[in-house]
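This is query_5.cif. It holds mmCIF, C-alpha atoms.
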data_protein
loop_
_atom_site.label_atom_id
_atom_site.label_comp_id
_atom_site.auth_asym_id
_atom_site.auth_seq_id
_atom_site.Cartn_x
_atom_site.Cartn_y
_atom_site.Cartn_z
CA MET J 1 11.02 17.74 -13.67
CA GLU J 2 11.90 18.01 -9.99
CA LEU J 3 10.71 15.46 -7.48
CA THR J 4 10.26 16.50 -3.85
CA ILE J 5 10.65 13.79 -1.23
CA LEU J 6 10.39 13.85 2.55
CA SER J 7 13.41 12.37 4.32
CA ASP J 8 11.46 10.76 7.17
CA PHE J 9 12.57 7.32 5.93
CA GLU J 10 15.71 6.15 4.17
CA MET J 11 15.74 4.33 0.86
CA PRO J 12 19.17 3.50 -0.53
CA GLY J 13 19.31 3.92 -4.28
CA LEU J 14 16.31 6.23 -4.50
CA ALA J 15 18.15 9.11 -6.16
CA ASP J 16 19.85 6.80 -8.67
CA GLY J 17 16.58 5.02 -9.41
CA ILE J 18 14.87 8.32 -10.14
CA ALA J 19 17.74 9.51 -12.33
CA ARG J 20 17.55 6.29 -14.38
CA GLN J 21 14.00 7.17 -15.38
CA GLY J 22 15.45 9.97 -17.51
CA ALA J 23 13.72 13.16 -18.66
CA GLY J 24 15.73 15.17 -16.13
CA ALA J 25 14.03 13.58 -13.14
CA ARG J 26 15.94 14.23 -9.92
CA LEU J 27 15.50 14.01 -6.18
CA LEU J 28 15.11 17.03 -3.94
CA SER J 29 15.21 15.82 -0.34
CA VAL J 30 13.49 17.82 2.40
CA ALA J 31 15.07 16.96 5.74
CA ALA J 32 12.61 16.46 8.60
CA ASN J 33 14.74 18.44 11.06
CA GLU J 34 15.18 21.52 8.85
CA PRO J 35 12.73 24.41 8.41
CA LEU J 36 10.66 24.35 5.26
CA PRO J 37 11.24 27.13 2.75
CA ALA J 38 8.26 29.27 1.77
CA ARG J 39 8.29 27.76 -1.70
CA LEU J 40 9.42 24.34 -2.87
CA PRO J 41 10.00 23.43 -6.51
CA GLY J 42 8.81 20.10 -7.81
CA ALA J 43 5.89 18.49 -9.60
CA ALA J 44 5.82 15.27 -7.57
CA LEU J 45 6.11 14.17 -3.95
CA LEU J 46 6.93 10.82 -2.34
CA THR J 47 5.80 10.49 1.27
CA THR J 48 4.98 7.85 3.86
CA ALA J 49 1.74 5.92 4.18
CA LEU J 50 1.04 7.26 7.65
CA GLY J 51 1.49 10.88 6.61
CA ASN J 52 4.34 13.11 7.79
CA PRO J 53 3.54 15.59 10.60
CA ARG J 54 4.68 18.37 8.27
CA LEU J 55 2.67 17.13 5.30
CA GLU J 56 0.19 20.02 5.32
CA ALA J 57 2.96 22.61 5.42
CA LEU J 58 4.89 20.75 2.73
CA LEU J 59 1.86 20.67 0.45
CA ALA J 60 1.36 24.40 0.96
CA ALA J 61 4.99 25.10 0.03
CA ALA J 62 4.94 22.81 -3.03
CA SER J 63 2.60 24.99 -5.06
CA GLY J 64 3.43 23.30 -8.37
CA LEU J 65 2.60 19.81 -7.14
CA ARG J 66 0.70 17.61 -9.58
CA TRP J 67 1.35 14.09 -8.28
CA LEU J 68 1.78 12.53 -4.82
CA HIS J 69 2.86 8.92 -4.27
CA VAL J 70 2.19 7.19 -0.96
CA PHE J 71 5.01 4.77 -0.13
CA GLY J 72 2.83 1.82 0.81
CA THR J 73 0.18 -0.51 -0.58
CA GLY J 74 -2.81 1.18 1.09
CA VAL J 75 -3.98 4.66 2.03
CA ASP J 76 -6.44 3.93 4.85
CA SER J 77 -4.15 5.71 7.34
CA PHE J 78 -3.17 8.52 4.98
CA PRO J 79 -4.82 11.98 5.33
CA LEU J 80 -6.24 12.15 1.80
CA HIS J 81 -8.25 15.25 2.70
CA LEU J 82 -5.06 17.32 2.99
CA VAL J 83 -4.10 16.79 -0.65
CA PRO J 84 -5.45 19.41 -3.10
CA PRO J 85 -8.01 17.97 -5.55
CA GLN J 86 -5.87 18.74 -8.60
CA VAL J 87 -3.07 16.47 -7.31
CA THR J 88 -3.19 12.83 -8.46
CA ILE J 89 -2.55 10.38 -5.61
CA THR J 90 -1.00 6.95 -6.23
CA CYS J 91 0.34 4.13 -4.08
CA SER J 92 2.33 0.93 -4.61
CA ARG J 93 -0.80 -1.21 -4.75
CA GLY J 94 -0.09 -4.92 -5.23
CA ALA J 95 3.63 -4.70 -4.43
CA SER J 96 3.30 -7.17 -1.54
CA ALA J 97 0.99 -9.61 -3.31
CA VAL J 98 3.46 -12.50 -3.62
CA PRO J 99 4.71 -12.68 0.00
CA ILE J 100 1.18 -12.17 1.32
CA ALA J 101 -0.14 -14.94 -0.93
CA GLU J 102 2.60 -17.25 0.33
CA TRP J 103 1.64 -16.44 3.92
CA VAL J 104 -2.00 -17.27 3.13
CA LEU J 105 -1.05 -20.66 1.70
CA ALA J 106 1.19 -21.31 4.71
CA VAL J 107 -1.58 -20.71 7.25
CA MET J 108 -4.13 -22.69 5.23
CA LEU J 109 -1.75 -25.65 5.09
CA ALA J 110 -0.97 -25.27 8.80
CA PHE J 111 -4.71 -25.40 9.53
CA GLU J 112 -5.35 -28.50 7.42
CA LYS J 113 -2.20 -30.35 8.53
CA GLN J 114 -2.60 -29.31 12.19
CA LEU J 115 0.77 -27.63 12.53
CA PRO J 116 2.49 -27.03 14.88
CA GLN J 117 0.21 -29.21 17.02
CA ASN J 118 1.60 -32.39 15.47
CA TRP J 119 5.27 -31.72 16.16
CA ILE J 120 6.58 -34.05 18.86
CA SER J 121 9.44 -33.77 21.36
CA ALA J 122 9.18 -37.23 22.96
CA PRO J 123 8.11 -40.74 21.85
CA PRO J 124 4.40 -40.58 20.97
CA ALA J 125 1.79 -42.78 22.60
CA ARG J 126 0.52 -43.85 19.18
CA MET J 127 2.33 -43.93 15.84
CA TRP J 128 0.94 -43.40 12.35
CA GLN J 129 -2.47 -42.18 13.47
CA ALA J 130 -3.82 -38.78 12.51
CA ASN J 131 -6.90 -37.09 11.11
CA LEU J 132 -5.40 -34.44 8.86
CA GLY J 133 -7.19 -32.32 6.32
CA THR J 134 -6.28 -31.29 2.78
CA LEU J 135 -6.49 -28.26 0.52
CA ALA J 136 -7.41 -30.41 -2.48
CA GLY J 137 -11.11 -30.10 -3.17
CA ARG J 138 -11.63 -27.38 -0.58
CA THR J 139 -13.33 -24.12 -1.53
CA LEU J 140 -11.27 -20.97 -1.12
CA GLY J 141 -13.33 -17.81 -0.80
CA LEU J 142 -11.67 -14.49 -1.58
CA ALA J 143 -13.14 -11.24 -0.31
CA GLY J 144 -11.37 -8.95 -2.75
CA CYS J 145 -9.82 -9.96 -6.05
CA GLY J 146 -7.09 -7.40 -6.73
CA GLY J 147 -3.38 -8.13 -6.85
CA ILE J 148 -3.31 -10.08 -3.58
CA GLY J 149 -6.47 -12.03 -4.34
CA ALA J 150 -5.19 -13.02 -7.79
CA ALA J 151 -1.83 -14.12 -6.34
CA VAL J 152 -3.58 -16.26 -3.72
CA ALA J 153 -5.92 -17.73 -6.33
CA SER J 154 -3.15 -18.89 -8.67
CA ARG J 155 -1.29 -20.61 -5.84
CA ALA J 156 -4.43 -22.20 -4.41
CA ALA J 157 -5.29 -23.63 -7.83
CA ALA J 158 -1.99 -25.53 -7.82
CA PHE J 159 -3.21 -27.31 -4.65
CA GLY J 160 -6.46 -28.33 -6.34
CA MET J 161 -8.68 -25.83 -4.54
CA HIS J 162 -11.90 -24.47 -5.99
CA VAL J 163 -11.65 -20.67 -5.90
CA VAL J 164 -14.60 -18.29 -5.63
CA ALA J 165 -14.33 -14.54 -5.15
CA LEU J 166 -16.32 -11.42 -4.45
CA ALA J 167 -14.99 -8.13 -5.84
CA ARG J 168 -16.14 -4.62 -5.00
CA SER J 169 -16.41 -3.77 -8.70
CA PRO J 170 -17.47 -6.02 -11.60
CA ARG J 171 -14.65 -7.80 -13.44
CA SER J 172 -14.84 -8.23 -17.20
CA GLU J 173 -11.96 -10.73 -17.03
CA PRO J 174 -11.62 -12.44 -13.63
CA PRO J 175 -8.36 -14.25 -12.84
CA PRO J 176 -8.12 -17.68 -14.54
CA GLY J 177 -9.92 -20.42 -12.64
CA VAL J 178 -11.82 -18.03 -10.34
CA ASP J 179 -15.61 -18.08 -10.17
CA MET J 180 -16.94 -14.61 -9.37
CA LEU J 181 -19.85 -14.40 -6.93
CA ARG J 182 -22.53 -11.73 -6.62
CA THR J 183 -23.13 -11.54 -2.86
CA LYS J 184 -21.25 -11.68 0.43
CA GLU J 185 -23.81 -14.17 1.68
CA GLU J 186 -22.91 -16.68 -1.03
CA LEU J 187 -19.22 -16.18 -0.34
CA CYS J 188 -19.64 -16.89 3.36
CA GLU J 189 -21.82 -19.95 2.76
CA ARG J 190 -19.43 -21.62 0.30
CA ALA J 191 -15.94 -21.00 1.69
CA ASP J 192 -13.97 -23.59 3.64
CA HIS J 193 -11.17 -21.04 3.87
CA LEU J 194 -12.24 -17.39 3.64
CA VAL J 195 -9.44 -14.91 2.93
CA LEU J 196 -9.95 -11.18 3.44
CA CYS J 197 -7.95 -9.01 1.06
CA LEU J 198 -10.22 -5.98 0.73
CA PRO J 199 -9.12 -2.39 1.25
CA SER J 200 -10.15 -0.80 4.53
CA THR J 201 -12.77 1.88 3.88
CA PRO J 202 -15.94 3.03 5.65
CA ALA J 203 -17.88 0.72 3.30
CA THR J 204 -15.86 -2.37 4.28
CA ARG J 205 -15.71 -1.78 8.03
CA HIS J 206 -16.89 -4.95 9.81
CA PHE J 207 -17.37 -6.72 6.48
CA ILE J 208 -17.29 -9.83 8.63
CA ASP J 209 -19.95 -9.22 11.27
CA ALA J 210 -22.32 -11.43 13.27
CA ALA J 211 -24.64 -11.88 10.28
CA ALA J 212 -21.80 -12.95 7.99
CA LEU J 213 -20.37 -15.31 10.60
CA ALA J 214 -23.79 -16.94 11.08
CA ARG J 215 -23.78 -17.92 7.40
CA MET J 216 -20.38 -19.58 7.44
CA LYS J 217 -19.80 -23.31 7.25
CA PRO J 218 -19.27 -24.86 10.68
CA GLY J 219 -15.56 -25.50 11.12
CA MET J 220 -14.39 -23.01 8.50
CA HIS J 221 -11.07 -21.13 8.57
CA LEU J 222 -10.96 -17.31 8.46
CA VAL J 223 -7.81 -15.57 7.22
CA ASN J 224 -7.29 -11.80 7.38
CA VAL J 225 -4.32 -10.24 5.57
CA ALA J 226 -5.99 -6.88 4.92
CA ARG J 227 -6.90 -4.68 7.89
CA GLY J 228 -8.29 -5.45 11.32
CA ALA J 229 -11.27 -3.15 10.78
CA LEU J 230 -12.76 -5.62 8.29
CA VAL J 231 -13.71 -7.95 11.17
CA ASP J 232 -16.06 -7.33 14.08
CA GLN J 233 -13.72 -8.93 16.60
CA GLU J 234 -16.32 -9.39 19.32
CA ALA J 235 -18.65 -11.17 16.89
CA LEU J 236 -15.69 -13.30 15.82
CA ARG J 237 -15.07 -14.23 19.44
CA VAL J 238 -18.60 -15.60 19.75
CA ALA J 239 -18.20 -17.61 16.52
CA LEU J 240 -14.86 -19.01 17.68
CA ASP J 241 -16.22 -20.00 21.08
CA ALA J 242 -19.13 -21.76 19.39
CA GLY J 243 -16.82 -23.58 16.97
CA ARG J 244 -18.51 -22.22 13.85
CA VAL J 245 -15.13 -20.70 13.00
CA ALA J 246 -12.60 -23.44 13.75
CA CYS J 247 -9.63 -21.12 13.41
CA ALA J 248 -8.89 -17.48 12.64
CA SER J 249 -5.44 -16.78 11.20
CA LEU J 250 -5.02 -13.04 11.67
CA ASP J 251 -2.06 -11.03 10.47
CA VAL J 252 -3.94 -7.83 11.35
CA ALA J 253 -6.13 -6.67 14.21
CA GLU J 254 -7.85 -3.57 15.53
CA PRO J 255 -6.11 -1.64 17.00
CA GLU J 256 -2.49 -2.32 16.14
CA PRO J 257 -0.74 -3.23 18.30
CA LEU J 258 -3.39 -4.82 20.49
CA PRO J 259 -3.20 -3.86 24.17
CA GLU J 260 -1.57 -6.26 26.60
CA GLY J 261 -3.99 -8.94 27.80
CA HIS J 262 -6.27 -8.76 24.76
CA TRP J 263 -8.19 -12.00 24.22
CA LEU J 264 -6.85 -12.49 20.67
CA TYR J 265 -3.39 -13.24 22.10
CA THR J 266 -4.53 -16.31 24.00
CA HIS J 267 -7.66 -17.68 22.33
CA PRO J 268 -6.99 -21.34 21.43
CA ARG J 269 -8.59 -20.98 18.00
CA VAL J 270 -6.66 -17.83 16.99
CA ARG J 271 -3.32 -17.74 15.16
CA LEU J 272 -2.13 -14.14 15.48
CA SER J 273 0.93 -12.62 13.79
CA PRO J 274 2.16 -9.00 14.05
CA HIS J 275 1.27 -7.70 10.57
CA ILE J 276 4.21 -9.38 8.84
CA SER J 277 2.64 -11.25 5.91
CA TRP J 278 4.10 -8.66 3.52
CA SER J 279 7.67 -9.39 4.61
CA ALA J 280 10.12 -10.72 2.02
CA PRO J 281 13.80 -10.19 1.13
CA GLN J 282 12.94 -7.55 -1.49
CA ALA J 283 9.79 -6.12 0.09
CA PHE J 284 10.90 -2.49 0.11
CA ALA J 285 12.42 -2.81 -3.36
CA ALA J 286 9.02 -3.97 -4.63
CA LEU J 287 7.31 -0.96 -3.05
CA LEU J 288 9.88 1.34 -4.61
CA ALA J 289 9.59 -0.31 -8.03
CA GLY J 290 5.96 0.80 -8.37
CA PHE J 291 6.94 4.37 -7.58
CA LEU J 292 9.89 4.39 -9.97
CA ASP J 293 7.73 3.00 -12.75
CA ASN J 294 5.36 5.90 -12.16
CA VAL J 295 8.27 8.38 -12.28
CA GLY J 296 8.91 7.27 -15.85
CA ARG J 297 5.22 7.40 -16.70
CA PHE J 298 4.87 10.86 -15.19
CA ALA J 299 7.91 12.16 -17.08
CA ARG J 300 6.50 10.81 -20.35
CA GLY J 301 3.01 12.14 -19.72
CA GLU J 302 1.50 8.64 -19.49
CA ALA J 303 -1.27 7.39 -17.20
CA LEU J 304 -0.02 6.51 -13.73
CA GLY J 305 -0.45 3.11 -12.06
CA GLY J 306 -2.02 2.57 -8.65
CA VAL J 307 -4.18 5.70 -8.76
CA VAL J 308 -6.19 6.21 -5.57
CA ASP J 309 -9.94 6.81 -5.80
CA ARG J 310 -10.50 9.44 -3.15
CA GLU J 311 -14.23 8.82 -2.88
CA ALA J 312 -13.80 5.05 -2.49
CA GLY J 313 -10.83 5.54 -0.16
CA TYR J 314 -8.37 3.18 -1.86
#
What is this structure when it is put down as C-alpha cells?
Amino acid sequence: MELTILSDFEMPGLADGIARQGAGARLLSVAANEPLPARLPGAALLTTALGNPRLEALLAAASGLRWLHVFGTGVDSFPLHLVPPQVTITCSRGASAVPIAEWVLAVMLAFEKQLPQNWISAPPARMWQANLGTLAGRTLGLAGCGGIGAAVASRAAAFGMHVVALARSPRSEPPPGVDMLRTKEELCERADHLVLCLPSTPATRHFIDAAALARMKPGMHLVNVARGALVDQEALRVALDAGRVACASLDVAEPEPLPEGHWLYTHPRVRLSPHISWSAPQAFAALLAGFLDNVGRFARGEALGGVVDREAGY
C-alpha cells in the first residue's frame, strides 16, 4: 500500500509511524511547491482540515484513492463535496477530548469561585467574606455526548455534579452517570452550566437561539467549546445584558478571528479565549495517533475509526 500525503504541514515521525503499521505502508510526500504529476500512486491520503488549495487537482491525480483522512477533529471547514463518493473520509474525532474537558472544568470552577475577580493586589477592605458558588449539586447540561461530552461528564461527576445530556442520535449505552434527555427545551431548562460540544452542521447552526436562551435558568453559565456557529451571538448579547445568562465562556466565535472592536471582546459577562481549549503537550501526537491507528486498520482490511457521515456533515 502507498499512502499519499500533502506536505503543507510538518509532522515529525510521520513516515516512521506509518512504517510501523506494517503491511508495506509507506509515505509518499507531495510537496506544495512542486507541480503535480498526471498520476499519483496511493490508496490513501492525509490532508489538512481546512483543505489544501490543490486538493481538487490532487484528488484527480490520485485515481486509485480509497481513503482520505482529515488531520483534525472536525470537517465543518473541509470541502467534502470535492471527494469522490467511493472514497471513505475519516478524521481524528475525539483526539482533543481530554484537554477540552479540562478547559471546561476550569471555566466552570472559575465561574463558581469568581476567579480572577477575587485575586487581590493590596490589603482588602474586608477579610474572610465572600459569596462563592460550587459545582457540587449543580446540573451540567451537555449538548452533544461524543468523546468530548463523555470526557467532560466523567470529570464533572468527580465534583458531585448531576449530568444530563442531549445527543443527536439515540444512545443504547450512555456514559456512566449521565441522564439522557429527549429535547433541547428540557436541556436548557435544567442546566446550571450548559456546555456545547456538538459538531457544526447546517442542522446545528444557532442551536442556541433566542428561544433556547429564553428557556434557560436565570444566572446560568454557557460554555462553548465546539464552533461559534452553534450560538446566535446577537441573541446571546440580549440574554447577557438581561442577566439571564450570567456568564458565557467562549473558546470559539463566529467568525474567527473576530474583527477588532467586536462586542464579545469587552462584554463584562463574556470570557473569551482564542480557540485554544484543545491545546496540550501532546495535542498533535493525539491527532496523529488516530490516523496511524487507521493506517493499520486500512492495511488489514478492517473498519476505520472516525468515519465521516457526508450527509450529516460530521
For range 127-136 of chain J, list every protein, DNA or RNA residue within 8 Å, evaluated using only C-alpha atoms, and leave out those in the same chain fewer than 6 positions away; present the list as an mmCIF file with C-alpha atoms, keeping the file's coordinate frame.
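Generated file (part15.cif):
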data_model
loop_
_atom_site.group_PDB
_atom_site.id
_atom_site.type_symbol
_atom_site.label_atom_id
_atom_site.label_comp_id
_atom_site.auth_asym_id
_atom_site.auth_seq_id
_atom_site.Cartn_x
_atom_site.Cartn_y
_atom_site.Cartn_z
ATOM 1 C CA MET J 108 -4.130 -22.690 5.230
ATOM 2 C CA LEU J 109 -1.750 -25.650 5.090
ATOM 3 C CA GLU J 112 -5.350 -28.500 7.420
ATOM 4 C CA LYS J 113 -2.200 -30.350 8.530
ATOM 5 C CA GLN J 114 -2.600 -29.310 12.190
ATOM 6 C CA PHE J 159 -3.210 -27.310 -4.650
ATOM 7 C CA GLY J 160 -6.460 -28.330 -6.340
ATOM 8 C CA MET J 161 -8.680 -25.830 -4.540
#
- What's the 6 Å shell around Leu230 in chain J, counting only C-alpha atoms, without same-chain residues fewer than 4 positions away, as a list in words? Arg205, His206 and Phe207 of chain J
_For the PyMOL selection byres ((chain J and resi 312) around 12), applied here, can you spell out every residue it catches as a PyMOL selection string?_
chain J and resi 75-76+80+168-169+199-204+307-311+313-314
Write a file of the selected residues as a short mmCIF file (atom, residue, chain, number, x, y, z; two decimals), keeping the file's coordinate frame, keeping C-alpha atoms.
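Contents of part-v4.cif, as written:
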data_model
loop_
_atom_site.label_atom_id
_atom_site.label_comp_id
_atom_site.auth_asym_id
_atom_site.auth_seq_id
_atom_site.Cartn_x
_atom_site.Cartn_y
_atom_site.Cartn_z
CA VAL J 75 -3.98 4.66 2.03
CA ASP J 76 -6.44 3.93 4.85
CA LEU J 80 -6.24 12.15 1.80
CA ARG J 168 -16.14 -4.62 -5.00
CA SER J 169 -16.41 -3.77 -8.70
CA PRO J 199 -9.12 -2.39 1.25
CA SER J 200 -10.15 -0.80 4.53
CA THR J 201 -12.77 1.88 3.88
CA PRO J 202 -15.94 3.03 5.65
CA ALA J 203 -17.88 0.72 3.30
CA THR J 204 -15.86 -2.37 4.28
CA VAL J 307 -4.18 5.70 -8.76
CA VAL J 308 -6.19 6.21 -5.57
CA ASP J 309 -9.94 6.81 -5.80
CA ARG J 310 -10.50 9.44 -3.15
CA GLU J 311 -14.23 8.82 -2.88
CA GLY J 313 -10.83 5.54 -0.16
CA TYR J 314 -8.37 3.18 -1.86
#
Near-Gly74 in chain J list (12 Å; only C-alpha atoms; drop same-chain fewer than 4 positions) as a PDB file with C-alpha atoms, keeping the file's coordinate frame:
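Final output, saved to out28.pdb:
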ATOM      1  CA  THR J  48       4.980   7.850   3.860  1.00  0.00           C
ATOM      2  CA  ALA J  49       1.740   5.920   4.180  1.00  0.00           C
ATOM      3  CA  LEU J  50       1.040   7.260   7.650  1.00  0.00           C
ATOM      4  CA  GLY J  51       1.490  10.880   6.610  1.00  0.00           C
ATOM      5  CA  HIS J  69       2.860   8.920  -4.270  1.00  0.00           C
ATOM      6  CA  VAL J  70       2.190   7.190  -0.960  1.00  0.00           C
ATOM      7  CA  PHE J  78      -3.170   8.520   4.980  1.00  0.00           C
ATOM      8  CA  PRO J  79      -4.820  11.980   5.330  1.00  0.00           C
ATOM      9  CA  LEU J  80      -6.240  12.150   1.800  1.00  0.00           C
ATOM     10  CA  ILE J  89      -2.550  10.380  -5.610  1.00  0.00           C
ATOM     11  CA  THR J  90      -1.000   6.950  -6.230  1.00  0.00           C
ATOM     12  CA  CYS J  91       0.340   4.130  -4.080  1.00  0.00           C
ATOM     13  CA  SER J  92       2.330   0.930  -4.610  1.00  0.00           C
ATOM     14  CA  ARG J  93      -0.800  -1.210  -4.750  1.00  0.00           C
ATOM     15  CA  GLY J  94      -0.090  -4.920  -5.230  1.00  0.00           C
ATOM     16  CA  ALA J  95       3.630  -4.700  -4.430  1.00  0.00           C
ATOM     17  CA  SER J  96       3.300  -7.170  -1.540  1.00  0.00           C
ATOM     18  CA  CYS J 197      -7.950  -9.010   1.060  1.00  0.00           C
ATOM     19  CA  LEU J 198     -10.220  -5.980   0.730  1.00  0.00           C
ATOM     20  CA  PRO J 199      -9.120  -2.390   1.250  1.00  0.00           C
ATOM     21  CA  SER J 200     -10.150  -0.800   4.530  1.00  0.00           C
ATOM     22  CA  THR J 201     -12.770   1.880   3.880  1.00  0.00           C
ATOM     23  CA  ALA J 226      -5.990  -6.880   4.920  1.00  0.00           C
ATOM     24  CA  ARG J 227      -6.900  -4.680   7.890  1.00  0.00           C
ATOM     25  CA  LEU J 287       7.310  -0.960  -3.050  1.00  0.00           C
ATOM     26  CA  GLY J 306      -2.020   2.570  -8.650  1.00  0.00           C
ATOM     27  CA  VAL J 307      -4.180   5.700  -8.760  1.00  0.00           C
ATOM     28  CA  VAL J 308      -6.190   6.210  -5.570  1.00  0.00           C
ATOM     29  CA  ASP J 309      -9.940   6.810  -5.800  1.00  0.00           C
ATOM     30  CA  GLY J 313     -10.830   5.540  -0.160  1.00  0.00           C
ATOM     31  CA  TYR J 314      -8.370   3.180  -1.860  1.00  0.00           C
TER      32      TYR J 314
END
Taking every listed atom of range 221-235 of chain J and adding 5 Å to each side, what centre and edge lengths in Å (one decimal) does the axis-aligned box have, as lines of an AutoDock Vina configuration file?
center_x = -11.5
center_y = -12.1
center_z = 12.1
size_x = 24.3
size_y = 28.0
size_z = 24.4
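Proximity ranking of J:Arg300, J:Arg155, J:Arg271, J:His221 relative to Ala239 in chain J places J:His221 first, based on all atoms listed in the file.
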Hey, what's within 12 Å of His267 in chain J if we count only C-alpha atoms and toss same-chain stuff fewer than 3 positions away? As a tab-separated table (two decimals) with C-alpha atoms, in the frame of the given file, please?
chain	number	residue	atom	x	y	z
J	236	LEU	CA	-15.69	-13.30	15.82
J	237	ARG	CA	-15.07	-14.23	19.44
J	238	VAL	CA	-18.60	-15.60	19.75
J	240	LEU	CA	-14.86	-19.01	17.68
J	241	ASP	CA	-16.22	-20.00	21.08
J	246	ALA	CA	-12.60	-23.44	13.75
J	247	CYS	CA	-9.63	-21.12	13.41
J	248	ALA	CA	-8.89	-17.48	12.64
J	249	SER	CA	-5.44	-16.78	11.20
J	250	LEU	CA	-5.02	-13.04	11.67
J	261	GLY	CA	-3.99	-8.94	27.80
J	262	HIS	CA	-6.27	-8.76	24.76
J	263	TRP	CA	-8.19	-12.00	24.22
J	264	LEU	CA	-6.85	-12.49	20.67
J	270	VAL	CA	-6.66	-17.83	16.99
J	271	ARG	CA	-3.32	-17.74	15.16
J	272	LEU	CA	-2.13	-14.14	15.48
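The coordinates place CA of Ala165 in chain J at 29.2 Å from CA of Asp293 in chain J.
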Practice item. Please write the residues picked by the PyMOL selection byres ((chain J and resi 152) around 9) on this file as an MDAnalysis selection string. Key: chainID J and resid 97:98 100:102 104:105 142 147:151 153:157 195
At what distance in Å, to one decimal, does CA of Phe291 in chain J lie from CA of Glu56 in chain J?
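Interatomic distance, CA of Glu56 in chain J to CA of Phe291 in chain J: 21.4 Å.
Using all atoms listed in the file, the shortest contact distance between Gly144 in chain J and any of J:Ile120, J:Leu59, J:Leu68, J:Val225 is found at J:Val225.
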Which residues of range 194-299 of chain J come within 10 Å of range 25-40 of chain J, and for each one, what is the closest pair of atoms and their distance in Å to one decimal, counting all atoms listed in the file, sorted by chain and residue number, as CSV?
residue,atom,partner,partner_atom,distance
J:Val295,CA,J:Ala25,CA,7.8
J:Gly296,CA,J:Ala25,CA,8.6
J:Phe298,CA,J:Ala25,CA,9.8
J:Ala299,CA,J:Ala25,CA,7.4
For CA of Met216 in chain J and CA of Glu189 in chain J, the interatomic separation in Å (one decimal)
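Value for the CA of Met216 in chain J-CA of Glu189 in chain J distance: 4.9 Å.
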Problem set entry | Target residues per the PyMOL selection byres ((chain J and resi 194) around 7), formatted as a list in words |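 So the PyMOL selection byres ((chain J and resi 194) around 7) ends up selecting Leu140, Gly141, Leu142, Ala191, Asp192, His193, Val195, Leu196, His221, Leu222 and Val223 of chain J.
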- Step by step: start from the point (7.3, 10.5, 1.0) in the file's coordinates, keep every protein, DNA or RNA residue that has an atom no farther than 6 Å from it, count only C-alpha atoms, and write the set as a PyMOL selection string. chain J and resi 5-6+46-48
#### Entry: Among the residues J:Glu185, J:Glu173, J:Val87, J:Glu260, the one that comes closest to Ala143 in chain J [using only C-alpha atoms]
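So, comparing all the options, the nearest one is J:Glu185.
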- request: Pick out the closest residue to Ala44 in chain J from this set: J:Leu292, J:Cys145, J:Ile208, J:Ala253. Count all atoms listed in the file.
  value: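 Of J:Leu292, J:Cys145, J:Ile208, J:Ala253, the one nearest Ala44 in chain J, counting all atoms listed in the file, is J:Leu292.
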Nearest to Leu288 in chain J, restricted to only C-alpha atoms and choosing among J:Gly24, J:Gly72, J:Gly305, J:Gly219, comes out as J:Gly72
Coords for range 145-158 of chain J, N, CA and C atoms, as a PDB file, in the first residue's frame:
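And here is the file that came out, selection_27.pdb:
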ATOM      1  N   CYS J 145     -22.888  14.366  23.106  1.00  0.00           N
ATOM      2  CA  CYS J 145     -22.360  13.397  24.085  1.00  0.00           C
ATOM      3  C   CYS J 145     -21.417  12.414  23.404  1.00  0.00           C
ATOM      4  N   GLY J 146     -20.527  12.948  22.556  1.00  0.00           N
ATOM      5  CA  GLY J 146     -19.498  12.133  21.934  1.00  0.00           C
ATOM      6  C   GLY J 146     -18.282  12.061  22.843  1.00  0.00           C
ATOM      7  N   GLY J 147     -17.094  12.021  22.231  1.00  0.00           N
ATOM      8  CA  GLY J 147     -15.874  11.889  23.018  1.00  0.00           C
ATOM      9  C   GLY J 147     -15.659  13.033  23.982  1.00  0.00           C
ATOM     10  N   ILE J 148     -15.899  14.274  23.534  1.00  0.00           N
ATOM     11  CA  ILE J 148     -15.707  15.427  24.416  1.00  0.00           C
ATOM     12  C   ILE J 148     -16.748  15.426  25.526  1.00  0.00           C
ATOM     13  N   GLY J 149     -18.007  15.215  25.168  1.00  0.00           N
ATOM     14  CA  GLY J 149     -19.069  15.199  26.166  1.00  0.00           C
ATOM     15  C   GLY J 149     -18.825  14.156  27.242  1.00  0.00           C
ATOM     16  N   ALA J 150     -18.415  12.950  26.831  1.00  0.00           N
ATOM     17  CA  ALA J 150     -18.151  11.885  27.795  1.00  0.00           C
ATOM     18  C   ALA J 150     -16.981  12.241  28.707  1.00  0.00           C
ATOM     19  N   ALA J 151     -15.945  12.885  28.151  1.00  0.00           N
ATOM     20  CA  ALA J 151     -14.789  13.274  28.964  1.00  0.00           C
ATOM     21  C   ALA J 151     -15.168  14.354  29.974  1.00  0.00           C
ATOM     22  N   VAL J 152     -16.010  15.296  29.572  1.00  0.00           N
ATOM     23  CA  VAL J 152     -16.489  16.322  30.494  1.00  0.00           C
ATOM     24  C   VAL J 152     -17.346  15.678  31.583  1.00  0.00           C
ATOM     25  N   ALA J 153     -18.226  14.769  31.187  1.00  0.00           N
ATOM     26  CA  ALA J 153     -19.146  14.141  32.137  1.00  0.00           C
ATOM     27  C   ALA J 153     -18.409  13.404  33.244  1.00  0.00           C
ATOM     28  N   SER J 154     -17.384  12.627  32.884  1.00  0.00           N
ATOM     29  CA  SER J 154     -16.670  11.850  33.897  1.00  0.00           C
ATOM     30  C   SER J 154     -15.958  12.753  34.895  1.00  0.00           C
ATOM     31  N   ARG J 155     -15.435  13.877  34.420  1.00  0.00           N
ATOM     32  CA  ARG J 155     -14.743  14.801  35.318  1.00  0.00           C
ATOM     33  C   ARG J 155     -15.728  15.593  36.163  1.00  0.00           C
ATOM     34  N   ALA J 156     -16.859  15.947  35.597  1.00  0.00           N
ATOM     35  CA  ALA J 156     -17.878  16.671  36.357  1.00  0.00           C
ATOM     36  C   ALA J 156     -18.451  15.801  37.471  1.00  0.00           C
ATOM     37  N   ALA J 157     -18.583  14.508  37.206  1.00  0.00           N
ATOM     38  CA  ALA J 157     -19.115  13.595  38.227  1.00  0.00           C
ATOM     39  C   ALA J 157     -18.221  13.577  39.462  1.00  0.00           C
ATOM     40  N   ALA J 158     -16.917  13.704  39.259  1.00  0.00           N
ATOM     41  CA  ALA J 158     -15.990  13.709  40.396  1.00  0.00           C
ATOM     42  C   ALA J 158     -16.191  14.932  41.285  1.00  0.00           C
TER      43      ALA J 158
END
